[in-house]
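Visitor: Before anything else, here's the structure in question.
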Amino acid sequence: MINAGVPVVPGTNRKIISNDDALNIIKDIGLPVIIKASSGGGGKGMRIVEHESELINAVRMAKSEAMTAFGDDSVYIEKYITEPHHIEFQILGDKFGNIIHLCERECSIQRRHQKVIEETPSPIMTPELRERMGQTAIAAGRSVNYEGVGTVEFLVDSNLNFFFLEMNTRLQVEHPITERVVGLDLVKEQIRVANGEPLQYKQSDIRQLGHAIECRIYAEDPDNNFMPSPGLVRHITEPRGLGVRIDGYVYAGYEIPIYYDPMISKVIVWARKRDGAIDRMKRALYEYKISGVKTSIKYLESIIKHPAFKAGNYDTHFIEKYSEELKNSGDPCDADCEDIAVITAFIEYSDKLKKFSEHQIQVSSDVNWKSYGRSKGVVRI
Amino acid sequence: MELQIKINERLTNVKLISREKNQISVSVDDKIYSIDLCKVEENEYSAIYNGKSQNIEIVEGESSKKYIANTYYKSFEIEIVDAETRYLQNRNKGLLNQEQNIISTPMPGKIVLIPVKVNEKVKAGQTVVVISAMKMESEYKVTRDAVIKKILINLNDTVKSNQPLIIIE
């Protein structure tokens, strides 16, 4: 990458061989540093080290996580840039040496180095920066004769300096937002390239239209330190409508196992402007209902509604910085609401005891329109 | 009908005053509620109280007397406390005192590391077991200086939530 003229973050270009090796590296480049898995991705096997005393343990944990997730425990160290944006460029190359970029994805909303929300275009992007970063991404791809879809990830600091981070040589989780704004089916393009066909598009054919946002739905409990929440999915209502796409695999009756990543689905929305996309995402998250397991849906809603997010004013520390506000936002449930939950359980339990009694609560209430409204209200239609 | 119901950590006395179709009058502790409550779907209730409507989802929990109640923003753990529950609680009282000596996990997962042995002395904050669930590892630590008395699990075991893992003294 350095030879191809791609700026990189200071660090090592090899795996750590011993504890002394790790200590020597941090003496060279200075703290804070980040430890990463060589065959990694998705935040697994990553650890930030701010104090020298944490180093040895952090290396051990990173190695062990890397082994479980990727079957390879090599890790390396690099300088950790504070207040960064994580911005990545989608590239597409064929076997004839043609490479184009499909613009950026802003992926700075992260928790523990896992992307949570992605959007394109990036709120901090300028046409001039897009051109420079796009050309650098293409140069990075060209330096390895890249074929297929790939992603070149950059860190962008507050002065809009950018550094090559890593390249993901695969289709990524967040690819649908790019598909939406450039109008290409990336899976189809990937298959065409693999089939030995030349690219059908030139760089000048690529235009970003409108704004797309993706929210990742995790089976985890945001009220309980994001503890993984495997288990039985009882019921699902998915959002629908113009500009809403759901990529997911769970269904009512499905048991989410403990062995895989907690991500269970993705909501992708599109609108002509960023504000419209945010509003559409808010509605989609409201309509998305999964019961049985805990999910991150309400937490995502609190991020989308946060003034700093709305203003497009955020970096990769957003979630850490506003963690308290994000936890306590949007909570109209008062003492009465708690008592109403108690009463509902009381009725449910007593009806269960005398299942065939005349008093069992019925759907039909006094007015038909009212009954209809109430039965549709619970599925958020 | 009268029941004791526990919601999260709060214990309430709930008493049915009257019930005519969906119109329900109930007292929760000293407060009387007149609510229009109807079950619109399996596990789904719609409540109208003081002219405001609210949806509550009630899902059965670990036993037939435990429920998870979800409102739009909140989730509550609810337990019906009847004679049987009280009897079990009394019987387990002695065990409760021992609870702080049991290391357990709130979530299901797989044991990936047990860095201690039986009879080993451990210091407060020391990791005694590492559990992996959904590709994330969590370290479980002791909160005080102690001795490892019993290890109830083996490496690579799959554990359930709240299963005792290690007993310390």
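So you can find residues: chains in the structure tokens are A, B, ... in the order shown, residues in each start at 1, and ligands are numbered from 1 in order.
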Quick one: pick out all strand (DSSP E) residues within stretch 62-146 of chain B from a backbone DSSP run and write them as a VMD selection string.
Guide: chain B and resid 66 to 70 75 to 81 102 to 104 109 to 113 121 to 122 127 to 133 136 to 141 146
Visitor: Could you list, as a ChimeraX atom specification, every residue within 7 Å of B:Ile68, counting only C-alpha atoms and ignoring same-chain residues fewer than 2 positions away?
Guide: /B:58-61,70,75-78
Visitor: To test your reading of the structure, identify every residue in stretch 6-132 of chain A that backbone DSSP assigns to alpha helix (DSSP H), and report it as JSON, numbers by chain.
Guide: {"A": [19, 20, 21, 22, 23, 24, 25, 26, 27, 28, 29, 55, 56, 57, 58, 59, 60, 61, 62, 63, 64, 65, 66, 67, 68, 69, 70, 127, 128, 129, 130, 131, 132]}
Visitor: Could you state the separation of atom CA of A:Ile213 and atom CA of A:Pro7 in Å, given to one decimal place?
Guide: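 Calculated distance between atom CA of A:Ile213 and atom CA of A:Pro7 is 28.0 Å.
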Visitor: For A:Val6, find every residue with an atom within 9 Å (counting only C-alpha atoms), except residues of its own chain fewer than 3 positions away, and show them as a PyMOL selection string.
Guide: chain A and resi 1-3+136-137+139-140+163-164
Visitor: Residues at most 8 Å from B:Lys141, counting only C-alpha atoms, excluding those fewer than 6 positions away in the same chain, as a list of chain:residue names?
Guide: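 The residues satisfying every condition are B:Ala124, B:Gly125, B:Gln126, B:Thr127, B:Val128, B:Val129.
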Visitor: Using only C-alpha atoms, which residues sit within 10 Å of B:Pro106 once same-chain residues fewer than 3 positions away are excluded, as JSON, numbers by chain?
Guide: {"A": [227, 228], "B": [109, 160, 161, 162, 163]}
Visitor: If I take atom CA of A:Leu285 and atom CA of A:Tyr299, how far is one from the other in Å, to one decimal?
Guide: 9.8 Å
Visitor: Under the rule that only C-alpha atoms are counted, which of B:Met134, B:Val81, B:Ile32, B:Ile111 is the nearest residue to B:Leu16?
Guide: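 For B:Leu16, the nearest of the candidates is B:Ile32.
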Visitor: Quick one: residues within 12 Å of stretch 2-9 of chain B, only C-alpha atoms counted, chain neighbours fewer than 2 positions away excluded, as number ranges by chain?
Guide: A: 335, 337-347, 349-350; B: 11-18, 26-29, 65-70, 74-86
Visitor: Please determine, counting only C-alpha atoms, which residue among B:Val142, B:Ile167, B:Ile48, B:Val40 has the shortest atom-to-atom distance to chain A.
Guide: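 With only C-alpha atoms as the atom set, the closest residue is B:Val40.
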Visitor: Of the residues B:Ile151, B:Lys121, B:Tyr140, B:Met1, which is the one nearest to chain A, using only C-alpha atoms?
Guide: B:Met1
Visitor: Measuring atom to atom with only C-alpha atoms, identify which of B:Leu88, B:Pro115, B:Thr105, B:Met136 is nearest to chain A.
Guide: B:Met136
